[in-house]
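Containing PDB, N, CA and C atoms: data-v5.pdb.
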```
ATOM      1  N   MET A   3      81.072  83.775  98.347
ATOM      2  CA  MET A   3      81.771  84.177  99.544
ATOM      3  C   MET A   3      82.390  82.963 100.233
ATOM      4  N   SER A   4      81.681  81.879 100.366
ATOM      5  CA  SER A   4      82.214  80.713 101.070
ATOM      6  C   SER A   4      83.443  80.149 100.357
ATOM      7  N   LYS A   5      83.471  80.222  99.037
ATOM      8  CA  LYS A   5      84.630  79.743  98.276
ATOM      9  C   LYS A   5      85.852  80.604  98.585
ATOM     10  N   ILE A   6      85.652  81.914  98.693
ATOM     11  CA  ILE A   6      86.757  82.830  98.988
ATOM     12  C   ILE A   6      87.287  82.575 100.395
ATOM     13  N   LEU A   7      86.393  82.415 101.356
ATOM     14  CA  LEU A   7      86.832  82.111 102.723
ATOM     15  C   LEU A   7      87.508  80.749 102.796
ATOM     16  N   GLN A   8      87.027  79.792 102.023
ATOM     17  CA  GLN A   8      87.647  78.471 101.988
ATOM     18  C   GLN A   8      89.079  78.571 101.469
ATOM     19  N   ILE A   9      89.276  79.315 100.393
ATOM     20  CA  ILE A   9      90.621  79.506  99.832
ATOM     21  C   ILE A   9      91.519  80.188 100.857
ATOM     22  N   SER A  10      90.995  81.219 101.507
ATOM     23  CA  SER A  10      91.772  81.949 102.510
ATOM     24  C   SER A  10      92.149  81.053 103.685
ATOM     25  N   GLN A  11      91.221  80.229 104.132
ATOM     26  CA  GLN A  11      91.506  79.316 105.247
ATOM     27  C   GLN A  11      92.545  78.277 104.853
ATOM     28  N   GLU A  12      92.428  77.750 103.641
ATOM     29  CA  GLU A  12      93.376  76.730 103.177
ATOM     30  C   GLU A  12      94.799  77.281 103.095
ATOM     31  N   LYS A  13      94.924  78.562 102.779
ATOM     32  CA  LYS A  13      96.243  79.170 102.628
ATOM     33  C   LYS A  13      96.701  79.906 103.883
ATOM     34  N   GLY A  14      95.956  79.758 104.978
ATOM     35  CA  GLY A  14      96.365  80.347 106.257
ATOM     36  C   GLY A  14      96.047  81.818 106.413
ATOM     37  N   GLY A  15      95.128  82.333 105.632
ATOM     38  CA  GLY A  15      94.816  83.760 105.672
ATOM     39  C   GLY A  15      93.823  84.169 106.738
ATOM     40  N   GLU A  16      93.251  83.216 107.448
ATOM     41  CA  GLU A  16      92.258  83.547 108.466
ATOM     42  C   GLU A  16      92.791  83.398 109.888
ATOM     43  N   HIS A  17      94.090  83.138 110.028
ATOM     44  CA  HIS A  17      94.679  83.031 111.357
ATOM     45  C   HIS A  17      94.762  84.415 111.991
ATOM     46  N   TYR A  18      94.407  84.497 113.256
ATOM     47  CA  TYR A  18      94.505  85.726 114.044
ATOM     48  C   TYR A  18      93.645  86.855 113.495
ATOM     49  N   THR A  19      92.506  86.527 112.916
ATOM     50  CA  THR A  19      91.580  87.562 112.459
ATOM     51  C   THR A  19      90.326  87.530 113.314
ATOM     52  N   LYS A  20      89.771  88.696 113.542
ATOM     53  CA  LYS A  20      88.517  88.779 114.292
ATOM     54  C   LYS A  20      87.385  89.124 113.334
ATOM     55  N   ARG A  21      87.444  90.305 112.750
ATOM     56  CA  ARG A  21      86.378  90.727 111.846
ATOM     57  C   ARG A  21      86.870  90.945 110.421
ATOM     58  N   PHE A  22      88.146  91.240 110.250
ATOM     59  CA  PHE A  22      88.667  91.574 108.926
ATOM     60  C   PHE A  22      89.050  90.293 108.188
ATOM     61  N   THR A  23      88.034  89.620 107.656
ATOM     62  CA  THR A  23      88.225  88.346 106.969
ATOM     63  C   THR A  23      88.817  88.547 105.575
ATOM     64  N   GLY A  24      89.193  87.467 104.964
ATOM     65  CA  GLY A  24      89.699  87.526 103.591
ATOM     66  C   GLY A  24      88.664  88.074 102.627
ATOM     67  N   TRP A  25      87.394  87.798 102.877
ATOM     68  CA  TRP A  25      86.303  88.279 102.026
ATOM     69  C   TRP A  25      86.209  89.799 102.102
ATOM     70  N   ILE A  26      86.262  90.351 103.311
ATOM     71  CA  ILE A  26      86.215  91.806 103.464
ATOM     72  C   ILE A  26      87.484  92.433 102.904
ATOM     73  N   HIS A  27      88.617  91.796 103.121
ATOM     74  CA  HIS A  27      89.885  92.291 102.575
ATOM     75  C   HIS A  27      89.814  92.390 101.049
ATOM     76  N   LEU A  28      89.260  91.377 100.419
ATOM     77  CA  LEU A  28      89.110  91.394  98.968
ATOM     78  C   LEU A  28      88.215  92.551  98.522
ATOM     79  N   LYS A  29      87.115  92.766  99.235
ATOM     80  CA  LYS A  29      86.221  93.874  98.885
ATOM     81  C   LYS A  29      86.909  95.220  99.051
ATOM     82  N   VAL A  30      87.721  95.367 100.087
ATOM     83  CA  VAL A  30      88.462  96.616 100.291
ATOM     84  C   VAL A  30      89.466  96.819  99.163
ATOM     85  N   MET A  31      90.118  95.764  98.739
ATOM     86  CA  MET A  31      91.085  95.885  97.646
ATOM     87  C   MET A  31      90.386  96.241  96.324
ATOM     88  N   PHE A  32      89.216  95.645  96.070
ATOM     89  CA  PHE A  32      88.439  96.023  94.883
ATOM     90  C   PHE A  32      88.044  97.495  94.954
ATOM     91  N   TYR A  33      87.601  97.927  96.119
ATOM     92  CA  TYR A  33      87.221  99.328  96.340
ATOM     93  C   TYR A  33      88.402 100.250  96.022
ATOM     94  N   ALA A  34      89.583  99.884  96.507
ATOM     95  CA  ALA A  34      90.778 100.694  96.271
ATOM     96  C   ALA A  34      91.134 100.757  94.790
ATOM     97  N   VAL A  35      90.983  99.654  94.093
ATOM     98  CA  VAL A  35      91.286  99.635  92.660
ATOM     99  C   VAL A  35      90.284 100.483  91.884
ATOM    100  N   ILE A  36      89.010 100.317  92.205
ATOM    101  CA  ILE A  36      87.970 101.088  91.513
ATOM    102  C   ILE A  36      88.157 102.585  91.731
ATOM    103  N   LYS A  37      88.531 102.958  92.958
ATOM    104  CA  LYS A  37      88.731 104.368  93.289
ATOM    105  C   LYS A  37      90.106 104.881  92.869
ATOM    106  N   ARG A  38      90.980 103.980  92.412
ATOM    107  CA  ARG A  38      92.337 104.312  91.959
ATOM    108  C   ARG A  38      93.190 104.936  93.066
ATOM    109  N   PHE A  39      93.130 104.330  94.245
ATOM    110  CA  PHE A  39      93.927 104.806  95.366
ATOM    111  C   PHE A  39      95.316 104.195  95.316
ATOM    112  N   ASP A  40      96.290 104.951  95.811
ATOM    113  CA  ASP A  40      97.679 104.501  95.800
ATOM    114  C   ASP A  40      98.243 104.208  97.183
ATOM    115  N   SER A  41      97.582 104.674  98.238
ATOM    116  CA  SER A  41      98.147 104.507  99.577
ATOM    117  C   SER A  41      97.103 104.004 100.561
ATOM    118  N   LEU A  42      97.594 103.432 101.644
ATOM    119  CA  LEU A  42      96.703 102.963 102.693
ATOM    120  C   LEU A  42      95.925 104.123 103.312
ATOM    121  N   SER A  43      96.572 105.271 103.411
ATOM    122  CA  SER A  43      95.896 106.445 103.973
ATOM    123  C   SER A  43      94.697 106.850 103.126
ATOM    124  N   GLU A  44      94.877 106.864 101.817
ATOM    125  CA  GLU A  44      93.761 107.194 100.921
ATOM    126  C   GLU A  44      92.620 106.200 101.080
ATOM    127  N   ILE A  45      92.973 104.938 101.135
ATOM    128  CA  ILE A  45      91.950 103.889 101.243
ATOM    129  C   ILE A  45      91.172 104.035 102.538
ATOM    130  N   THR A  46      91.889 104.111 103.661
ATOM    131  CA  THR A  46      91.203 104.141 104.953
ATOM    132  C   THR A  46      90.438 105.436 105.179
ATOM    133  N   THR A  47      90.950 106.553 104.691
ATOM    134  CA  THR A  47      90.219 107.822 104.823
ATOM    135  C   THR A  47      88.907 107.758 104.059
ATOM    136  N   SER A  48      88.954 107.226 102.853
ATOM    137  CA  SER A  48      87.745 107.118 102.050
ATOM    138  C   SER A  48      86.773 106.098 102.647
ATOM    139  N   LEU A  49      87.301 104.972 103.139
ATOM    140  CA  LEU A  49      86.443 103.980 103.782
ATOM    141  C   LEU A  49      85.736 104.571 104.999
ATOM    142  N   PHE A  50      86.470 105.355 105.784
ATOM    143  CA  PHE A  50      85.873 105.981 106.957
ATOM    144  C   PHE A  50      84.742 106.922 106.547
ATOM    145  N   ALA A  51      84.972 107.697 105.493
ATOM    146  CA  ALA A  51      83.953 108.645 105.030
ATOM    147  C   ALA A  51      82.741 107.940 104.430
ATOM    148  N   ASP A  52      82.959 106.769 103.844
ATOM    149  CA  ASP A  52      81.887 106.063 103.144
ATOM    150  C   ASP A  52      81.364 104.831 103.881
ATOM    151  N   THR A  53      81.713 104.648 105.151
ATOM    152  CA  THR A  53      81.309 103.445 105.888
ATOM    153  C   THR A  53      79.816 103.201 105.811
ATOM    154  N   HIS A  54      79.026 104.241 105.996
ATOM    155  CA  HIS A  54      77.568 104.066 105.953
ATOM    156  C   HIS A  54      77.075 103.683 104.557
ATOM    157  N   LYS A  55      77.826 104.019 103.533
ATOM    158  CA  LYS A  55      77.445 103.667 102.167
ATOM    159  C   LYS A  55      77.891 102.246 101.791
ATOM    160  N   LEU A  56      78.826 101.691 102.546
ATOM    161  CA  LEU A  56      79.394 100.388 102.202
ATOM    162  C   LEU A  56      78.788  99.237 102.994
ATOM    163  N   ALA A  57      77.838  99.542 103.844
ATOM    164  CA  ALA A  57      77.219  98.495 104.673
ATOM    165  C   ALA A  57      76.543  97.422 103.813
ATOM    166  N   HIS A  58      76.023  97.812 102.670
ATOM    167  CA  HIS A  58      75.334  96.846 101.812
ATOM    168  C   HIS A  58      76.268  95.793 101.221
ATOM    169  N   ILE A  59      77.575  96.048 101.234
ATOM    170  CA  ILE A  59      78.521  95.027 100.757
ATOM    171  C   ILE A  59      79.263  94.372 101.919
ATOM    172  N   GLY A  60      78.802  94.633 103.147
ATOM    173  CA  GLY A  60      79.351  93.936 104.302
ATOM    174  C   GLY A  60      80.456  94.642 105.057
ATOM    175  N   ILE A  61      80.792  95.846 104.651
ATOM    176  CA  ILE A  61      81.797  96.612 105.390
ATOM    177  C   ILE A  61      81.030  97.493 106.367
ATOM    178  N   THR A  62      80.863  96.983 107.577
ATOM    179  CA  THR A  62      80.001  97.642 108.564
ATOM    180  C   THR A  62      80.775  98.228 109.733
ATOM    181  N   PHE A  63      82.098  98.213 109.662
ATOM    182  CA  PHE A  63      82.910  98.739 110.751
ATOM    183  C   PHE A  63      84.067  99.534 110.165
ATOM    184  N   GLU A  64      84.625 100.422 110.992
ATOM    185  CA  GLU A  64      85.742 101.241 110.543
ATOM    186  C   GLU A  64      87.000 100.383 110.444
ATOM    187  N   ILE A  65      87.689 100.509 109.327
ATOM    188  CA  ILE A  65      88.921  99.755 109.104
ATOM    189  C   ILE A  65      90.083 100.736 109.206
ATOM    190  N   SER A  66      90.917 100.521 110.197
ATOM    191  CA  SER A  66      92.040 101.433 110.406
ATOM    192  C   SER A  66      93.183 101.100 109.459
ATOM    193  N   ARG A  67      94.081 102.055 109.341
ATOM    194  CA  ARG A  67      95.230 101.863 108.469
ATOM    195  C   ARG A  67      96.096 100.715 108.969
ATOM    196  N   SER A  68      96.239 100.608 110.291
ATOM    197  CA  SER A  68      97.066  99.530 110.843
ATOM    198  C   SER A  68      96.435  98.158 110.598
ATOM    199  N   THR A  69      95.114  98.078 110.660
ATOM    200  CA  THR A  69      94.424  96.812 110.373
ATOM    201  C   THR A  69      94.670  96.389 108.933
ATOM    202  N   LEU A  70      94.549  97.328 108.020
ATOM    203  CA  LEU A  70      94.766  97.026 106.610
ATOM    204  C   LEU A  70      96.234  96.679 106.341
ATOM    205  N   ALA A  71      97.142  97.423 106.956
ATOM    206  CA  ALA A  71      98.571  97.146 106.781
ATOM    207  C   ALA A  71      98.928  95.764 107.325
ATOM    208  N   ASP A  72      98.400  95.439 108.505
ATOM    209  CA  ASP A  72      98.665  94.113 109.086
ATOM    210  C   ASP A  72      98.098  93.003 108.215
ATOM    211  N   ALA A  73      96.898  93.207 107.696
ATOM    212  CA  ALA A  73      96.284  92.194 106.838
ATOM    213  C   ALA A  73      97.095  92.013 105.553
ATOM    214  N   ASN A  74      97.557  93.111 104.978
ATOM    215  CA  ASN A  74      98.377  93.019 103.763
ATOM    216  C   ASN A  74      99.687  92.287 104.045
ATOM    217  N   LYS A  75     100.198  92.460 105.243
ATOM    218  CA  LYS A  75     101.463  91.829 105.613
ATOM    219  C   LYS A  75     101.280  90.348 105.955
ATOM    220  N   ARG A  76     100.219  90.019 106.671
ATOM    221  CA  ARG A  76     100.014  88.647 107.156
ATOM    222  C   ARG A  76      99.325  87.727 106.164
ATOM    223  N   ARG A  77      98.435  88.266 105.370
ATOM    224  CA  ARG A  77      97.655  87.420 104.473
ATOM    225  C   ARG A  77      98.459  87.217 103.184
ATOM    226  N   PRO A  78      98.792  85.981 102.852
ATOM    227  CA  PRO A  78      99.617  85.717 101.660
ATOM    228  C   PRO A  78      98.926  86.172 100.366
ATOM    229  N   GLU A  79      99.707  86.740  99.482
ATOM    230  CA  GLU A  79      99.147  87.194  98.197
ATOM    231  C   GLU A  79      98.668  86.033  97.349
ATOM    232  N   SER A  80      99.143  84.845  97.653
ATOM    233  CA  SER A  80      98.698  83.667  96.900
ATOM    234  C   SER A  80      97.196  83.432  97.072
ATOM    235  N   ILE A  81      96.613  83.938  98.150
ATOM    236  CA  ILE A  81      95.162  83.839  98.341
ATOM    237  C   ILE A  81      94.447  84.576  97.223
ATOM    238  N   PHE A  82      94.868  85.814  96.981
ATOM    239  CA  PHE A  82      94.220  86.628  95.965
ATOM    240  C   PHE A  82      94.508  86.104  94.561
ATOM    241  N   GLU A  83      95.690  85.529  94.369
ATOM    242  CA  GLU A  83      96.012  84.904  93.080
ATOM    243  C   GLU A  83      95.083  83.723  92.819
ATOM    244  N   THR A  84      94.881  82.897  93.823
ATOM    245  CA  THR A  84      94.009  81.726  93.685
ATOM    246  C   THR A  84      92.566  82.148  93.433
ATOM    247  N   ILE A  85      92.115  83.178  94.152
ATOM    248  CA  ILE A  85      90.754  83.694  93.947
ATOM    249  C   ILE A  85      90.603  84.207  92.520
ATOM    250  N   TYR A  86      91.591  84.969  92.047
ATOM    251  CA  TYR A  86      91.545  85.495  90.679
ATOM    252  C   TYR A  86      91.489  84.363  89.663
ATOM    253  N   ARG A  87      92.357  83.379  89.824
ATOM    254  CA  ARG A  87      92.387  82.260  88.875
ATOM    255  C   ARG A  87      91.077  81.480  88.880
ATOM    256  N   ASP A  88      90.492  81.313  90.068
ATOM    257  CA  ASP A  88      89.220  80.615  90.175
ATOM    258  C   ASP A  88      88.108  81.400  89.472
ATOM    259  N   LEU A  89      88.062  82.701  89.725
ATOM    260  CA  LEU A  89      87.047  83.540  89.072
ATOM    261  C   LEU A  89      87.242  83.572  87.563
ATOM    262  N   TYR A  90      88.496  83.670  87.135
ATOM    263  CA  TYR A  90      88.778  83.703  85.698
ATOM    264  C   TYR A  90      88.359  82.394  85.032
ATOM    265  N   ALA A  91      88.689  81.282  85.656
ATOM    266  CA  ALA A  91      88.310  79.979  85.090
ATOM    267  C   ALA A  91      86.793  79.845  84.992
ATOM    268  N   ARG A  92      86.096  80.379  85.985
ATOM    269  CA  ARG A  92      84.640  80.261  86.014
ATOM    270  C   ARG A  92      83.973  81.168  84.992
ATOM    271  N   TYR A  93      84.513  82.370  84.771
ATOM    272  CA  TYR A  93      83.828  83.371  83.939
ATOM    273  C   TYR A  93      84.571  83.724  82.644
ATOM    274  N   ARG A  94      85.624  83.015  82.293
ATOM    275  CA  ARG A  94      86.407  83.394  81.112
ATOM    276  C   ARG A  94      85.589  83.371  79.821
ATOM    277  N   HIS A  95      84.608  82.488  79.744
ATOM    278  CA  HIS A  95      83.793  82.412  78.529
ATOM    279  C   HIS A  95      82.875  83.631  78.387
ATOM    280  N   GLU A  96      82.663  84.367  79.475
ATOM    281  CA  GLU A  96      81.824  85.554  79.425
ATOM    282  C   GLU A  96      82.610  86.835  79.168
ATOM    283  N   LEU A  97      83.937  86.749  79.230
ATOM    284  CA  LEU A  97      84.788  87.919  79.005
ATOM    285  C   LEU A  97      84.889  88.200  77.514
ATOM    286  N   ILE A  98      84.833  89.446  77.164
ATOM    287  CA  ILE A  98      84.935  89.844  75.760
ATOM    288  C   ILE A  98      86.369  90.226  75.473
ATOM    289  N   SER A  99      86.912  89.687  74.416
ATOM    290  CA  SER A  99      88.282  89.977  74.034
ATOM    291  C   SER A  99      88.301  90.953  72.863
ATOM    292  N   ASP A 100      89.213  91.939  72.950
ATOM    293  CA  ASP A 100      89.370  92.911  71.859
ATOM    294  C   ASP A 100      90.249  92.376  70.763
ATOM    295  N   SER A 101      91.061  91.378  71.063
ATOM    296  CA  SER A 101      92.007  90.902  70.047
ATOM    297  C   SER A 101      91.568  89.588  69.437
TER     298      SER A 101
END
```
So that I can check it, write out the structure of this file as structure tokens.
Amino acid sequence: MSKILQISQEKGGEHYTKRFTGWIHLKVMFYAVIKRFDSLSEITTSLFADTHKLAHIGITFEISRSTLADANKRRPESIFETIYRDLYARYRHELISDS
């Protein structure tokens, strides 16, 4: 978690945030991918319904559609690219290749 927040801070992703940090944003995006959601409405509706189930991963408050939209707009995508590249470099030897 500290590495992700460090990357987000270095790239300016933590400016003007109160509770919706880059770490929580990443978890919400993973949640959306796993659930195969296509819209902010789908994501936030499901998050609202499952808030009590998501407390164990640190999502302990309701995330509105506007909060998520603002975060997607303000937080540079290069943050998530850097996080992905860092994770891939760290765990690439554990990934199984089909080819």
- Separating CA of Thr46 (chain A) from CA of Arg21 (chain A), to the nearest tenth of an Å, is a gap of 15.8 Å
Selection in question (the file shown): the PyMOL selection byres ((chain A and resi 75-84) around 6.5). Which residues does it include, as a PDB file with N, CA and C atoms, keeping the file's coordinate frame?
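File written: selection-v1.pdb
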```
ATOM      1  N   ILE A   9      89.276  79.315 100.393  1.00  0.00           N
ATOM      2  CA  ILE A   9      90.621  79.506  99.832  1.00  0.00           C
ATOM      3  C   ILE A   9      91.519  80.188 100.857  1.00  0.00           C
ATOM      4  N   SER A  10      90.995  81.219 101.507  1.00  0.00           N
ATOM      5  CA  SER A  10      91.772  81.949 102.510  1.00  0.00           C
ATOM      6  C   SER A  10      92.149  81.053 103.685  1.00  0.00           C
ATOM      7  N   LYS A  13      94.924  78.562 102.779  1.00  0.00           N
ATOM      8  CA  LYS A  13      96.243  79.170 102.628  1.00  0.00           C
ATOM      9  C   LYS A  13      96.701  79.906 103.883  1.00  0.00           C
ATOM     10  N   GLY A  14      95.956  79.758 104.978  1.00  0.00           N
ATOM     11  CA  GLY A  14      96.365  80.347 106.257  1.00  0.00           C
ATOM     12  C   GLY A  14      96.047  81.818 106.413  1.00  0.00           C
ATOM     13  N   GLY A  15      95.128  82.333 105.632  1.00  0.00           N
ATOM     14  CA  GLY A  15      94.816  83.760 105.672  1.00  0.00           C
ATOM     15  C   GLY A  15      93.823  84.169 106.738  1.00  0.00           C
ATOM     16  N   LEU A  70      94.549  97.328 108.020  1.00  0.00           N
ATOM     17  CA  LEU A  70      94.766  97.026 106.610  1.00  0.00           C
ATOM     18  C   LEU A  70      96.234  96.679 106.341  1.00  0.00           C
ATOM     19  N   ALA A  71      97.142  97.423 106.956  1.00  0.00           N
ATOM     20  CA  ALA A  71      98.571  97.146 106.781  1.00  0.00           C
ATOM     21  C   ALA A  71      98.928  95.764 107.325  1.00  0.00           C
ATOM     22  N   ASP A  72      98.400  95.439 108.505  1.00  0.00           N
ATOM     23  CA  ASP A  72      98.665  94.113 109.086  1.00  0.00           C
ATOM     24  C   ASP A  72      98.098  93.003 108.215  1.00  0.00           C
ATOM     25  N   ALA A  73      96.898  93.207 107.696  1.00  0.00           N
ATOM     26  CA  ALA A  73      96.284  92.194 106.838  1.00  0.00           C
ATOM     27  C   ALA A  73      97.095  92.013 105.553  1.00  0.00           C
ATOM     28  N   ASN A  74      97.557  93.111 104.978  1.00  0.00           N
ATOM     29  CA  ASN A  74      98.377  93.019 103.763  1.00  0.00           C
ATOM     30  C   ASN A  74      99.687  92.287 104.045  1.00  0.00           C
ATOM     31  N   ILE A  85      92.115  83.178  94.152  1.00  0.00           N
ATOM     32  CA  ILE A  85      90.754  83.694  93.947  1.00  0.00           C
ATOM     33  C   ILE A  85      90.603  84.207  92.520  1.00  0.00           C
ATOM     34  N   TYR A  86      91.591  84.969  92.047  1.00  0.00           N
ATOM     35  CA  TYR A  86      91.545  85.495  90.679  1.00  0.00           C
ATOM     36  C   TYR A  86      91.489  84.363  89.663  1.00  0.00           C
ATOM     37  N   ARG A  87      92.357  83.379  89.824  1.00  0.00           N
ATOM     38  CA  ARG A  87      92.387  82.260  88.875  1.00  0.00           C
ATOM     39  C   ARG A  87      91.077  81.480  88.880  1.00  0.00           C
ATOM     40  N   ASP A  88      90.492  81.313  90.068  1.00  0.00           N
ATOM     41  CA  ASP A  88      89.220  80.615  90.175  1.00  0.00           C
ATOM     42  C   ASP A  88      88.108  81.400  89.472  1.00  0.00           C
ATOM     43  N   LEU A  89      88.062  82.701  89.725  1.00  0.00           N
ATOM     44  CA  LEU A  89      87.047  83.540  89.072  1.00  0.00           C
ATOM     45  C   LEU A  89      87.242  83.572  87.563  1.00  0.00           C
TER      46      LEU A  89
END
```
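Here the question is which of A:Gly24, A:Ser66, A:His54, A:Gly60 gets nearest to Leu42 (chain A) using all atoms listed in the file, and that residue is A:Ser66.
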- Query: What gap, in Å, lies between CA of Ile45 (chain A) and CA of Ser68 (chain A)?
  - Reply: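 A separation of 11.7 Å between them.
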- Report the distance between atom N of Glu12 (chain A) and atom C of Ala57 (chain A) in Å, rounded to one decimal place.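 Interatomic distance, atom N of Glu12 (chain A) to atom C of Ala57 (chain A): 25.3 Å.
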- Query: Nearest to Phe50 (chain A) among A:Glu16, A:Met31, A:Arg38, A:Phe63, with distances taken over only N, CA and C atoms: which residue is it?
  - Reply: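 Smallest distance to Phe50 (chain A) is found for A:Phe63.
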- Message: According to DSSP computed on the backbone, where in chain A is there helix (DSSP H, G or I)? Give the residues as a PyMOL selection string.
- Response: chain A and resi 4-12+24-37+42-55+57-59+67-76+79-96
